[in-house]
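Trainee: Supplied structure: upload24.cif, mmCIF, C-alpha atoms.
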data_target
#
loop_
_atom_site.group_PDB
_atom_site.id
_atom_site.type_symbol
_atom_site.label_atom_id
_atom_site.label_comp_id
_atom_site.auth_asym_id
_atom_site.auth_seq_id
_atom_site.Cartn_x
_atom_site.Cartn_y
_atom_site.Cartn_z
ATOM 1 C CA MET A 1 -19.944 -26.714 18.537
ATOM 2 C CA ALA A 2 -18.426 -25.149 15.397
ATOM 3 C CA LYS A 3 -17.934 -27.385 12.368
ATOM 4 C CA ILE A 4 -15.574 -27.653 9.408
ATOM 5 C CA ALA A 5 -18.108 -27.241 6.614
ATOM 6 C CA GLN A 6 -15.766 -27.437 3.635
ATOM 7 C CA TYR A 7 -12.101 -27.123 2.769
ATOM 8 C CA SER A 8 -9.958 -26.685 -0.304
ATOM 9 C CA TYR A 9 -6.293 -27.104 -1.062
ATOM 10 C CA ILE A 10 -3.591 -26.518 -3.640
ATOM 11 C CA ASN A 11 -0.512 -28.744 -3.594
ATOM 12 C CA GLU A 12 1.836 -27.799 -6.374
ATOM 13 C CA LYS A 13 4.369 -30.515 -5.568
ATOM 14 C CA VAL A 14 1.954 -33.331 -6.401
ATOM 15 C CA HIS A 15 -0.026 -31.249 -8.950
ATOM 16 C CA LYS A 16 -3.295 -31.529 -7.075
ATOM 17 C CA ILE A 17 -6.076 -29.117 -6.209
ATOM 18 C CA GLY A 18 -9.422 -29.884 -4.695
ATOM 19 C CA THR A 19 -11.992 -29.754 -1.944
ATOM 20 C CA LYS A 20 -13.318 -32.133 0.694
ATOM 21 C CA ASP A 21 -15.395 -33.811 -2.021
ATOM 22 C CA GLU A 22 -13.232 -33.702 -5.118
ATOM 23 C CA THR A 23 -9.589 -33.932 -6.169
ATOM 24 C CA ILE A 24 -8.357 -32.605 -9.494
ATOM 25 C CA ILE A 25 -4.994 -33.773 -10.788
ATOM 26 C CA ILE A 26 -3.232 -31.299 -13.049
ATOM 27 C CA SER A 27 -1.340 -32.995 -15.857
ATOM 28 C CA GLU A 28 2.276 -32.343 -16.836
ATOM 29 C CA GLU A 29 1.024 -31.246 -20.265
ATOM 30 C CA GLU A 30 -1.205 -28.589 -18.701
ATOM 31 C CA LEU A 31 1.592 -27.388 -16.438
ATOM 32 C CA ALA A 32 3.885 -27.031 -19.431
ATOM 33 C CA GLU A 33 1.436 -24.441 -20.809
ATOM 34 C CA ASN A 34 0.544 -22.551 -17.623
ATOM 35 C CA ASN A 35 1.265 -22.342 -13.906
ATOM 36 C CA ILE A 36 -0.973 -24.129 -11.409
ATOM 37 C CA LEU A 37 -2.697 -20.915 -10.294
ATOM 38 C CA THR A 38 -3.756 -19.846 -13.782
ATOM 39 C CA LEU A 39 -4.823 -23.419 -14.553
ATOM 40 C CA THR A 40 -6.975 -23.506 -11.416
ATOM 41 C CA TYR A 41 -8.541 -20.170 -12.373
ATOM 42 C CA ARG A 42 -9.405 -21.577 -15.810
ATOM 43 C CA LYS A 43 -10.724 -24.854 -14.409
ATOM 44 C CA LEU A 44 -13.033 -22.961 -12.060
ATOM 45 C CA ASP A 45 -14.323 -21.023 -15.084
ATOM 46 C CA LEU A 46 -13.950 -17.700 -13.265
ATOM 47 C CA ASN A 47 -14.393 -14.269 -14.760
ATOM 48 C CA TYR A 48 -12.514 -11.902 -12.458
ATOM 49 C CA PRO A 49 -9.769 -10.068 -14.432
ATOM 50 C CA LYS A 50 -8.391 -8.560 -11.210
ATOM 51 C CA PHE A 51 -7.060 -12.039 -10.431
ATOM 52 C CA PHE A 52 -4.227 -11.545 -12.916
ATOM 53 C CA LYS A 53 -3.090 -8.378 -11.150
ATOM 54 C CA MET A 54 -2.751 -10.108 -7.788
ATOM 55 C CA ASP A 55 0.491 -11.432 -6.374
ATOM 56 C CA ASN A 56 0.758 -15.201 -5.857
ATOM 57 C CA LEU A 57 -0.185 -15.087 -2.179
ATOM 58 C CA SER A 58 -3.446 -13.319 -3.002
ATOM 59 C CA LYS A 59 -4.100 -15.603 -5.981
ATOM 60 C CA ILE A 60 -3.711 -18.653 -3.736
ATOM 61 C CA GLY A 61 -6.111 -17.341 -1.092
ATOM 62 C CA PHE A 62 -8.565 -16.148 -3.728
ATOM 63 C CA LEU A 63 -8.646 -19.521 -5.535
ATOM 64 C CA ASN A 64 -9.047 -21.510 -2.327
ATOM 65 C CA SER A 65 -11.937 -19.283 -1.263
ATOM 66 C CA GLU A 66 -13.573 -19.676 -4.691
ATOM 67 C CA MET A 67 -13.273 -23.483 -4.550
ATOM 68 C CA ILE A 68 -14.859 -23.547 -1.108
ATOM 69 C CA LEU A 69 -17.679 -21.147 -1.877
ATOM 70 C CA LYS A 70 -18.531 -22.915 -5.143
ATOM 71 C CA ASN A 71 -19.017 -26.057 -3.085
ATOM 72 C CA TYR A 72 -21.156 -24.593 -0.330
ATOM 73 C CA PRO A 73 -24.701 -23.169 -0.371
ATOM 74 C CA ALA A 74 -24.628 -19.453 -1.263
ATOM 75 C CA LEU A 75 -24.364 -17.191 1.788
ATOM 76 C CA SER A 76 -27.147 -14.645 2.291
ATOM 77 C CA ASP A 77 -26.350 -10.933 2.628
ATOM 78 C CA GLU A 78 -26.964 -11.266 6.358
ATOM 79 C CA GLU A 79 -24.542 -14.198 6.615
ATOM 80 C CA LYS A 80 -21.926 -12.296 4.629
ATOM 81 C CA LYS A 81 -22.019 -9.506 7.225
ATOM 82 C CA ASN A 82 -20.884 -12.033 9.827
ATOM 83 C CA THR A 83 -18.310 -13.868 7.723
ATOM 84 C CA SER A 84 -14.650 -13.390 8.577
ATOM 85 C CA VAL A 85 -11.434 -14.195 6.758
ATOM 86 C CA ILE A 86 -8.431 -15.144 8.885
ATOM 87 C CA CYS A 87 -5.243 -16.390 7.250
ATOM 88 C CA PHE A 88 -1.851 -17.598 8.380
ATOM 89 C CA ASN A 89 1.472 -18.324 6.696
ATOM 90 C CA ARG A 90 5.180 -18.572 7.344
ATOM 91 C CA LEU A 91 6.795 -16.203 4.865
ATOM 92 C CA ALA A 92 4.411 -13.219 4.908
ATOM 93 C CA SER A 93 4.732 -11.425 1.543
ATOM 94 C CA LEU A 94 8.432 -12.227 1.113
ATOM 95 C CA THR A 95 8.309 -13.136 -2.603
ATOM 96 C CA THR A 96 6.563 -9.881 -3.509
ATOM 97 C CA ASP A 97 8.832 -7.933 -1.159
ATOM 98 C CA LYS A 98 11.832 -9.267 -3.093
ATOM 99 C CA ASN A 99 10.216 -8.529 -6.457
ATOM 100 C CA PHE A 100 9.522 -4.972 -5.336
ATOM 101 C CA GLU A 101 13.066 -4.610 -4.031
ATOM 102 C CA ASN A 102 14.327 -5.517 -7.504
ATOM 103 C CA THR A 103 12.555 -2.420 -8.885
ATOM 104 C CA ILE A 104 14.447 -0.100 -6.496
ATOM 105 C CA PHE A 105 17.756 -1.921 -6.121
ATOM 106 C CA ASP A 106 19.637 -0.190 -8.933
ATOM 107 C CA GLN A 107 19.903 3.603 -8.593
ATOM 108 C CA ASN A 108 20.370 3.864 -12.360
ATOM 109 C CA ASN A 109 17.230 1.856 -13.027
ATOM 110 C CA PHE A 110 15.072 3.068 -10.159
ATOM 111 C CA PHE A 111 11.404 2.568 -11.034
ATOM 112 C CA PRO A 112 9.394 1.488 -7.958
ATOM 113 C CA SER A 113 6.425 -0.537 -9.156
ATOM 114 C CA PRO A 114 3.117 0.642 -7.630
ATOM 115 C CA SER A 115 1.361 -2.627 -8.499
ATOM 116 C CA LEU A 116 4.026 -4.663 -6.675
ATOM 117 C CA PHE A 117 4.123 -2.253 -3.748
ATOM 118 C CA VAL A 118 0.416 -2.703 -2.972
ATOM 119 C CA TYR A 119 1.038 -6.407 -2.334
ATOM 120 C CA THR A 120 3.978 -5.932 0.028
ATOM 121 C CA LEU A 121 1.705 -6.744 2.959
ATOM 122 C CA PRO A 122 0.380 -10.293 3.408
ATOM 123 C CA ASN A 123 -3.008 -9.203 4.734
ATOM 124 C CA ILE A 124 -3.956 -7.934 1.264
ATOM 125 C CA VAL A 125 -5.129 -11.482 0.543
ATOM 126 C CA THR A 126 -7.839 -11.322 3.206
ATOM 127 C CA GLY A 127 -8.933 -7.947 1.817
ATOM 128 C CA GLU A 128 -9.138 -9.339 -1.722
ATOM 129 C CA ILE A 129 -11.416 -12.171 -0.539
ATOM 130 C CA CYS A 130 -13.617 -9.801 1.490
ATOM 131 C CA ILE A 131 -13.963 -7.371 -1.437
ATOM 132 C CA ARG A 132 -14.837 -10.140 -3.868
ATOM 133 C CA ASN A 133 -17.512 -11.647 -1.603
ATOM 134 C CA LYS A 134 -18.688 -8.566 0.330
ATOM 135 C CA PHE A 135 -17.704 -10.092 3.650
ATOM 136 C CA TYR A 136 -17.820 -7.600 6.514
ATOM 137 C CA GLY A 137 -16.528 -9.681 9.412
ATOM 138 C CA GLU A 138 -13.013 -9.764 10.847
ATOM 139 C CA SER A 139 -10.143 -9.711 8.363
ATOM 140 C CA SER A 140 -6.733 -10.589 9.730
ATOM 141 C CA PHE A 141 -3.457 -12.258 8.861
ATOM 142 C CA TYR A 142 -0.947 -13.957 11.158
ATOM 143 C CA VAL A 143 2.642 -14.914 10.366
ATOM 144 C CA ASN A 144 3.849 -18.067 12.115
ATOM 145 C CA GLU A 145 6.824 -20.402 11.931
ATOM 146 C CA LYS A 146 4.661 -23.405 11.118
ATOM 147 C CA PHE A 147 1.100 -24.685 10.724
ATOM 148 C CA ASP A 148 0.167 -24.381 14.394
ATOM 149 C CA SER A 149 -3.290 -25.904 14.698
ATOM 150 C CA LYS A 150 -3.537 -25.208 18.434
ATOM 151 C CA GLN A 151 -2.936 -21.509 17.965
ATOM 152 C CA MET A 152 -5.322 -21.412 14.995
ATOM 153 C CA GLU A 153 -7.996 -23.070 17.090
ATOM 154 C CA GLY A 154 -7.661 -20.420 19.798
ATOM 155 C CA ILE A 155 -7.801 -17.500 17.379
ATOM 156 C CA ILE A 156 -10.778 -18.936 15.484
ATOM 157 C CA LEU A 157 -12.719 -19.709 18.668
ATOM 158 C CA ASP A 158 -12.236 -16.090 19.711
ATOM 159 C CA ALA A 159 -13.387 -14.843 16.305
ATOM 160 C CA LEU A 160 -16.466 -17.094 16.432
ATOM 161 C CA GLN A 161 -17.751 -14.936 19.281
ATOM 162 C CA THR A 162 -18.608 -12.327 16.659
ATOM 163 C CA SER A 163 -18.693 -14.347 13.391
ATOM 164 C CA ASP A 164 -21.022 -17.076 12.123
ATOM 165 C CA ASN A 165 -18.670 -18.229 9.348
ATOM 166 C CA ILE A 166 -14.909 -17.982 9.014
ATOM 167 C CA LEU A 167 -12.627 -18.731 6.106
ATOM 168 C CA LEU A 168 -9.436 -19.961 7.740
ATOM 169 C CA GLY A 169 -6.449 -20.121 5.422
ATOM 170 C CA TRP A 170 -2.869 -21.332 5.462
ATOM 171 C CA SER A 171 -0.682 -20.690 2.438
ATOM 172 C CA ASP A 172 2.996 -20.951 1.877
ATOM 173 C CA CYS A 173 5.498 -21.211 -0.880
ATOM 174 C CA ILE A 174 8.427 -23.483 -0.035
ATOM 175 C CA ASN A 175 11.141 -23.677 -2.718
ATOM 176 C CA SER A 176 8.579 -22.266 -5.142
ATOM 177 C CA GLN A 177 6.130 -25.062 -4.271
ATOM 178 C CA ILE A 178 2.704 -23.833 -3.275
ATOM 179 C CA VAL A 179 1.204 -25.403 -0.182
ATOM 180 C CA ALA A 180 -2.199 -23.919 0.533
ATOM 181 C CA LEU A 181 -5.194 -25.003 2.530
ATOM 182 C CA MET A 182 -8.383 -23.195 3.477
ATOM 183 C CA PHE A 183 -11.284 -24.206 5.694
ATOM 184 C CA LEU A 184 -14.796 -22.886 6.019
ATOM 185 C CA ILE A 185 -15.665 -22.947 9.704
ATOM 186 C CA THR A 186 -19.315 -22.464 10.580
ATOM 187 C CA LYS A 187 -21.440 -22.229 13.684
ATOM 188 C CA LYS A 188 -24.409 -23.594 11.758
ATOM 189 C CA GLY A 189 -22.995 -26.944 10.748
ATOM 190 C CA THR A 190 -24.676 -30.342 10.516
ATOM 191 C CA VAL A 191 -23.833 -33.461 12.529
ATOM 192 C CA LYS A 192 -22.248 -35.005 9.445
ATOM 193 C CA MET A 193 -19.554 -32.326 9.356
ATOM 194 C CA GLN A 194 -16.261 -32.730 11.193
ATOM 195 C CA ASN A 195 -15.962 -30.848 14.448
ATOM 196 C CA PHE A 196 -13.777 -27.783 14.406
ATOM 197 C CA ASN A 197 -10.785 -28.408 16.625
ATOM 198 C CA ALA A 198 -6.984 -28.459 16.446
ATOM 199 C CA GLN A 199 -6.817 -32.243 15.956
ATOM 200 C CA ASN A 200 -9.037 -32.167 12.868
ATOM 201 C CA LEU A 201 -7.190 -29.179 11.381
ATOM 202 C CA GLU A 202 -3.922 -31.052 11.847
ATOM 203 C CA TYR A 203 -5.384 -34.282 10.419
ATOM 204 C CA ILE A 204 -6.612 -32.570 7.261
ATOM 205 C CA TYR A 205 -3.351 -30.648 6.818
ATOM 206 C CA LYS A 206 -1.302 -33.859 7.080
ATOM 207 C CA LYS A 207 -3.667 -35.631 4.684
ATOM 208 C CA PHE A 208 -2.674 -33.280 1.864
ATOM 209 C CA PHE A 209 0.856 -32.102 2.727
ATOM 210 C CA MET R 210 2.561 6.766 -35.101
ATOM 211 C CA GLU R 211 0.815 3.483 -35.970
ATOM 212 C CA ASN R 212 3.881 1.536 -34.828
ATOM 213 C CA LEU R 213 3.984 3.436 -31.546
ATOM 214 C CA ILE R 214 0.284 2.722 -30.932
ATOM 215 C CA GLU R 215 0.820 -1.016 -31.493
ATOM 216 C CA GLU R 216 3.928 -0.960 -29.294
ATOM 217 C CA LEU R 217 1.997 0.812 -26.527
ATOM 218 C CA LYS R 218 -0.871 -1.655 -26.671
ATOM 219 C CA LYS R 219 1.534 -4.548 -26.126
ATOM 220 C CA GLU R 220 3.352 -2.721 -23.315
ATOM 221 C CA ILE R 221 0.099 -1.869 -21.542
ATOM 222 C CA ILE R 222 -1.150 -5.463 -21.746
ATOM 223 C CA GLU R 223 2.130 -6.798 -20.393
ATOM 224 C CA THR R 224 2.692 -4.165 -17.701
ATOM 225 C CA LEU R 225 -0.863 -4.214 -16.371
ATOM 226 C CA ASN R 226 -1.256 -8.016 -16.628
ATOM 227 C CA LEU R 227 -4.346 -7.785 -18.818
ATOM 228 C CA GLU R 228 -4.356 -11.538 -19.336
ATOM 229 C CA ASP R 229 -7.510 -11.893 -21.413
ATOM 230 C CA ILE R 230 -7.046 -8.763 -23.538
ATOM 231 C CA ASN R 231 -5.551 -8.752 -27.057
ATOM 232 C CA PRO R 232 -4.018 -5.664 -28.690
ATOM 233 C CA SER R 233 -6.959 -5.560 -31.098
ATOM 234 C CA ASP R 234 -9.348 -5.233 -28.118
ATOM 235 C CA ILE R 235 -7.878 -1.801 -27.294
ATOM 236 C CA LYS R 236 -9.603 0.702 -29.557
ATOM 237 C CA GLU R 237 -7.525 3.750 -30.451
ATOM 238 C CA ASP R 238 -10.125 6.355 -29.496
ATOM 239 C CA GLU R 239 -11.725 4.690 -26.491
ATOM 240 C CA PRO R 240 -10.949 5.903 -22.942
ATOM 241 C CA LEU R 241 -8.344 3.757 -21.175
ATOM 242 C CA PHE R 242 -10.046 4.310 -17.822
ATOM 243 C CA GLY R 243 -13.606 4.175 -16.601
ATOM 244 C CA GLU R 244 -14.847 1.426 -18.895
ATOM 245 C CA GLY R 245 -13.653 -1.234 -21.302
ATOM 246 C CA LEU R 246 -10.301 -2.300 -19.894
ATOM 247 C CA GLY R 247 -11.394 -1.908 -16.276
ATOM 248 C CA LEU R 248 -8.216 -0.119 -15.227
ATOM 249 C CA ASP R 249 -7.874 1.331 -11.723
ATOM 250 C CA SER R 250 -5.791 3.981 -9.939
ATOM 251 C CA ILE R 251 -2.837 1.616 -9.419
ATOM 252 C CA ASP R 252 -2.831 0.981 -13.180
ATOM 253 C CA ALA R 253 -2.640 4.749 -13.722
ATOM 254 C CA LEU R 254 0.466 4.899 -11.521
ATOM 255 C CA GLU R 255 1.979 1.962 -13.437
ATOM 256 C CA LEU R 256 1.387 3.817 -16.727
ATOM 257 C CA ILE R 257 3.145 6.890 -15.316
ATOM 258 C CA VAL R 258 6.133 4.659 -14.435
ATOM 259 C CA LEU R 259 6.004 3.052 -17.899
ATOM 260 C CA MET R 260 6.189 6.474 -19.605
ATOM 261 C CA GLU R 261 9.222 7.458 -17.554
ATOM 262 C CA LYS R 262 11.004 4.113 -17.858
ATOM 263 C CA ASN R 263 10.464 3.489 -21.572
ATOM 264 C CA TYR R 264 10.184 6.990 -23.010
ATOM 265 C CA GLY R 265 11.940 9.249 -20.478
ATOM 266 C CA ILE R 266 8.783 11.273 -19.837
ATOM 267 C CA LYS R 267 8.232 12.444 -16.290
ATOM 268 C CA LEU R 268 4.734 13.768 -15.688
ATOM 269 C CA LYS R 269 5.142 16.859 -13.488
ATOM 270 C CA ASP R 270 1.601 16.679 -12.214
ATOM 271 C CA ALA R 271 -0.159 13.332 -11.612
ATOM 272 C CA SER R 272 -3.460 14.931 -12.637
ATOM 273 C CA GLU R 273 -1.888 15.543 -16.055
ATOM 274 C CA GLY R 274 -2.232 11.784 -16.531
ATOM 275 C CA LYS R 275 -6.004 12.068 -16.711
ATOM 276 C CA ALA R 276 -5.740 13.918 -20.022
ATOM 277 C CA VAL R 277 -2.743 11.954 -21.322
ATOM 278 C CA PHE R 278 -4.483 8.617 -20.733
ATOM 279 C CA GLY R 279 -7.667 9.789 -22.462
ATOM 280 C CA SER R 280 -7.121 7.116 -25.123
ATOM 281 C CA ILE R 281 -4.272 5.102 -26.591
ATOM 282 C CA LYS R 282 -4.114 7.574 -29.493
ATOM 283 C CA ILE R 283 -3.801 10.591 -27.170
ATOM 284 C CA MET R 284 -1.153 8.785 -25.137
ATOM 285 C CA ALA R 285 0.871 7.899 -28.261
ATOM 286 C CA ASP R 286 0.607 11.476 -29.511
ATOM 287 C CA TYR R 287 1.840 12.826 -26.147
ATOM 288 C CA ILE R 288 4.755 10.387 -26.131
ATOM 289 C CA GLU R 289 5.746 11.265 -29.689
ATOM 290 C CA LYS R 290 5.913 14.967 -28.798
ATOM 291 C CA ASN R 291 7.645 14.616 -25.416
ATOM 292 C CA ARG R 292 9.827 11.533 -25.507
ATOM 293 C CA THR R 293 13.506 11.802 -24.592
ATOM 294 C CA LYS R 294 14.389 8.206 -25.410
#
What would the structure in this file look like if it were written as structure tokens?

Mentor:
Amino acid sequence: MAKIAQYSYINEKVHKIGTKDETIIISEEELAENNILTLTYRKLDLNYPKFFKMDNLSKIGFLNSEMILKNYPALSDEEKKNTSVICFNRLASLTTDKNFENTIFDQNNFFPSPSLFVYTLPNIVTGEICIRNKFYGESSFYVNEKFDSKQMEGIILDALQTSDNILLGWSDCINSQIVALMFLITKKGTVKMQNFNAQNLEYIYKKFF
Amino acid sequence: MENLIEELKKEIIETLNLEDINPSDIKEDEPLFGEGLGLDSIDALELIVLMEKNYGIKLKDASEGKAVFGSIKIMADYIEKNRTK
């Protein structure tokens, strides 16, 4: 039976980030200086300048994956070959699509931005995580109306036929509030870990959002 | 020329989201690509857009950029000679 080995989340509304084992509350003072994504990057003490070039959707997925992997034993090269990244959300890359549209909206100020254009597909986030970690398993992105744990369960069980580990992500931005959750699902879990199933995904999601 | 170099440094940092880089970190004679700033091909395209948008310079051949972006000094010199705004 597959297990939920670790998870991480970002909840902008209540200023919290964290994992299964730890919650970090971001103060109002910190948020006055920087946004929650940059603050999380700094708190994780990361050194990956490409982060700042990403759109928010990719930043969210990247940070969640970093929080999980920092709190899990390092994967071997062999394990990385069989690690997949599968993400879901509701609004695809809508925010970046709109930002890009703003660069081509006015015929008298028509300067399409290449760096925005490259993020006008939501599945870029799974690619960013795979590149960073040298994961060679499945990389896919699904757009859904809501957090549908039943459907996620089905897709992940299928992917586990060919993967030993899967990063399963959900990220959305509702009224500019980031709601993001990621799980590490593994075939090689311990009895202490929660079982991977739709009920537990739903329970964890509702615990934080 | 010195003013243009300083202006360009600030524009490059802002346009390419070089969060942890200060203008003083960009040396005038050092290559913009390949080392140092860690710029990639998308950054090169953004610089081509920046030259057109801010200085009215349209590079006819994308490969021309390779020479123009040789360093911040070369870029400033090219802009000074070719700018239309």

Trainee: Find the distance between atom CA of A:Asn99 and atom CA of A:Ser115 and write it in Å to one decimal.

Mentor: 10.8 Å

Trainee: Which residues of chain R sit at most 8 Å from chain A, using all atoms listed in the file? Give each one's shortest atom pair and distance in Å (one decimal place), in chain and ascending residue order, as CSV.

Mentor:
residue,atom,partner,partner_atom,distance
R:Leu225,CA,A:Lys53,CA,7.0
R:Asn226,CA,A:Lys53,CA,5.8
R:Leu227,CA,A:Phe52,CA,7.0
R:Glu228,CA,A:Phe52,CA,6.4
R:Asp229,CA,A:Pro49,CA,7.6
R:Ile251,CA,A:Ser115,CA,6.0
R:Asp252,CA,A:Ser115,CA,7.2
R:Leu254,CA,A:Pro114,CA,6.3
R:Glu255,CA,A:Pro114,CA,6.1
R:Val258,CA,A:Phe111,CA,6.6
R:Lys262,CA,A:Phe111,CA,7.0

Trainee: Got a sec: who's within 12 Å of R:Ser233, counting all atoms listed in the file, leaving out chain neighbours fewer than 3 positions off, as a PDB file with C-alpha atoms, in the frame of the given file?

Mentor:
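Output below, filename result_30.pdb:
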ATOM      1  CA  ILE R 214       0.284   2.722 -30.932  1.00  0.00           C
ATOM      2  CA  GLU R 215       0.820  -1.016 -31.493  1.00  0.00           C
ATOM      3  CA  GLU R 216       3.928  -0.960 -29.294  1.00  0.00           C
ATOM      4  CA  LEU R 217       1.997   0.812 -26.527  1.00  0.00           C
ATOM      5  CA  LYS R 218      -0.871  -1.655 -26.671  1.00  0.00           C
ATOM      6  CA  LYS R 219       1.534  -4.548 -26.126  1.00  0.00           C
ATOM      7  CA  ILE R 222      -1.150  -5.463 -21.746  1.00  0.00           C
ATOM      8  CA  ASP R 229      -7.510 -11.893 -21.413  1.00  0.00           C
ATOM      9  CA  ILE R 230      -7.046  -8.763 -23.538  1.00  0.00           C
ATOM     10  CA  LYS R 236      -9.603   0.702 -29.557  1.00  0.00           C
ATOM     11  CA  GLU R 237      -7.525   3.750 -30.451  1.00  0.00           C
ATOM     12  CA  ILE R 281      -4.272   5.102 -26.591  1.00  0.00           C
TER      13      ILE R 281
END

Trainee: So how many Å separate atom CA of A:Lys20 and atom CA of A:Asp77, to one decimal?

Mentor: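 So the answer is 25.0 Å.
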
Trainee: Of the residues R:Leu268, R:Met260, R:Leu246, R:Met210, which is the one nearest to R:Ala285, using all atoms listed in the file?

Mentor: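 Ranked by minimum distance to R:Ala285, first place goes to R:Met210.
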
Trainee: Considering only C-alpha atoms, can you say which of R:Ile221, R:Ile235, R:Leu213, R:Leu256 comes closest to R:Gly274?

Mentor: R:Leu256

Trainee: In Å, how far is it from atom CA of A:Asn82 to atom CA of A:Asn144?

Mentor: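 Going from atom CA of A:Asn82 over to atom CA of A:Asn144 covers 25.6 Å.
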
Trainee: Restricting the calculation to only C-alpha atoms: of A:Ile178, A:Leu94, A:Met193, A:Val14, which residue gets closest to A:Tyr119?

Mentor: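 Between A:Ile178, A:Leu94, A:Met193, A:Val14, the residue approaching A:Tyr119 most closely is A:Leu94.
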
Trainee: Could you check which of R:Lys275, R:Phe242, R:Tyr264, R:Lys269 is closest to R:Arg292, using all atoms listed in the file?

Mentor: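 Result for the nearest residue to R:Arg292: R:Tyr264.
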
Trainee: Just say which residues the PyMOL selection byres ((chain A and resi 122) around 9) picks in this file, as a ChimeraX atom specification.

Mentor: /A:57-58,89,91-94,119-121,123-126,141-143

Trainee: Leaving out A:Thr162 and any residue of its chain fewer than 6 positions from it, which residues lie within 10 Å of it when counting all atoms listed in the file, given as a list in words?

Mentor: Asn82, Thr83, Ser84, Gly137 and Glu138 of chain A

Trainee: Which one is closest to A:Arg90: A:Ile68, A:Ile17, A:Leu160, A:Cys173? Count only C-alpha atoms.

Mentor: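 That would be A:Cys173, the residue with the smallest distance to A:Arg90.
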
Trainee: Taking 3 positions as the minimum chain separation for residues in the same chain, which residues sit within 12 Å of R:Ala276 when counting all atoms listed in the file? Answer as a PyMOL selection string.

Mentor: chain R and resi 240-242+253+268+270-273+279-284+286-287

Trainee: May I have the residues at most 12 Å from (-1.3, -27.0, -15.5) in the file's coordinates, counting all atoms listed in the file, as a compact mmCIF listing (two decimals) with C-alpha atoms, in the frame of the given file?

Mentor:
# COMPACT_ATOMS: atom_id res chain seq x y z
CA GLU A 12 1.84 -27.80 -6.37
CA LYS A 13 4.37 -30.52 -5.57
CA VAL A 14 1.95 -33.33 -6.40
CA HIS A 15 -0.03 -31.25 -8.95
CA LYS A 16 -3.30 -31.53 -7.08
CA ILE A 17 -6.08 -29.12 -6.21
CA ILE A 24 -8.36 -32.60 -9.49
CA ILE A 25 -4.99 -33.77 -10.79
CA ILE A 26 -3.23 -31.30 -13.05
CA SER A 27 -1.34 -32.99 -15.86
CA GLU A 28 2.28 -32.34 -16.84
CA GLU A 29 1.02 -31.25 -20.26
CA GLU A 30 -1.20 -28.59 -18.70
CA LEU A 31 1.59 -27.39 -16.44
CA ALA A 32 3.88 -27.03 -19.43
CA GLU A 33 1.44 -24.44 -20.81
CA ASN A 34 0.54 -22.55 -17.62
CA ASN A 35 1.26 -22.34 -13.91
CA ILE A 36 -0.97 -24.13 -11.41
CA LEU A 37 -2.70 -20.92 -10.29
CA THR A 38 -3.76 -19.85 -13.78
CA LEU A 39 -4.82 -23.42 -14.55
CA THR A 40 -6.98 -23.51 -11.42
CA TYR A 41 -8.54 -20.17 -12.37
CA ARG A 42 -9.40 -21.58 -15.81
CA LYS A 43 -10.72 -24.85 -14.41

Trainee: What does stretch 210-240 of chain R look like written to a file with C-alpha atoms, as a compact mmCIF listing (two decimals), in the first residue's frame?

Mentor:
# COMPACT_ATOMS: atom_id res chain seq x y z
CA MET R 210 28.23 56.96 -21.52
CA GLU R 211 28.72 56.33 -17.78
CA ASN R 212 25.11 57.36 -17.12
CA LEU R 213 23.85 55.02 -19.84
CA ILE R 214 25.86 52.12 -18.38
CA GLU R 215 24.36 52.71 -14.91
CA GLU R 216 20.88 53.06 -16.41
CA LEU R 217 21.32 49.80 -18.32
CA LYS R 218 22.50 47.92 -15.25
CA LYS R 219 19.35 48.93 -13.38
CA GLU R 220 17.11 48.06 -16.34
CA ILE R 221 18.72 44.65 -16.77
CA ILE R 222 18.35 43.82 -13.07
CA GLU R 223 14.70 44.85 -13.09
CA THR R 224 13.74 43.30 -16.43
CA LEU R 225 15.48 39.98 -15.83
CA ASN R 226 14.45 39.74 -12.15
CA LEU R 227 18.02 39.41 -10.92
CA GLU R 228 16.89 39.61 -7.31
CA ASP R 229 20.21 39.12 -5.56
CA ILE R 230 22.33 41.19 -7.96
CA ASN R 231 23.33 44.83 -7.37
CA PRO R 232 24.38 47.22 -10.15
CA SER R 233 27.93 47.14 -8.78
CA ASP R 234 28.02 43.35 -9.30
CA ILE R 235 27.81 43.84 -13.09
CA LYS R 236 31.33 44.56 -14.29
CA GLU R 237 31.54 46.74 -17.40
CA ASP R 238 33.84 44.45 -19.38
CA GLU R 239 32.58 41.05 -18.28
CA PRO R 240 30.42 38.92 -20.62
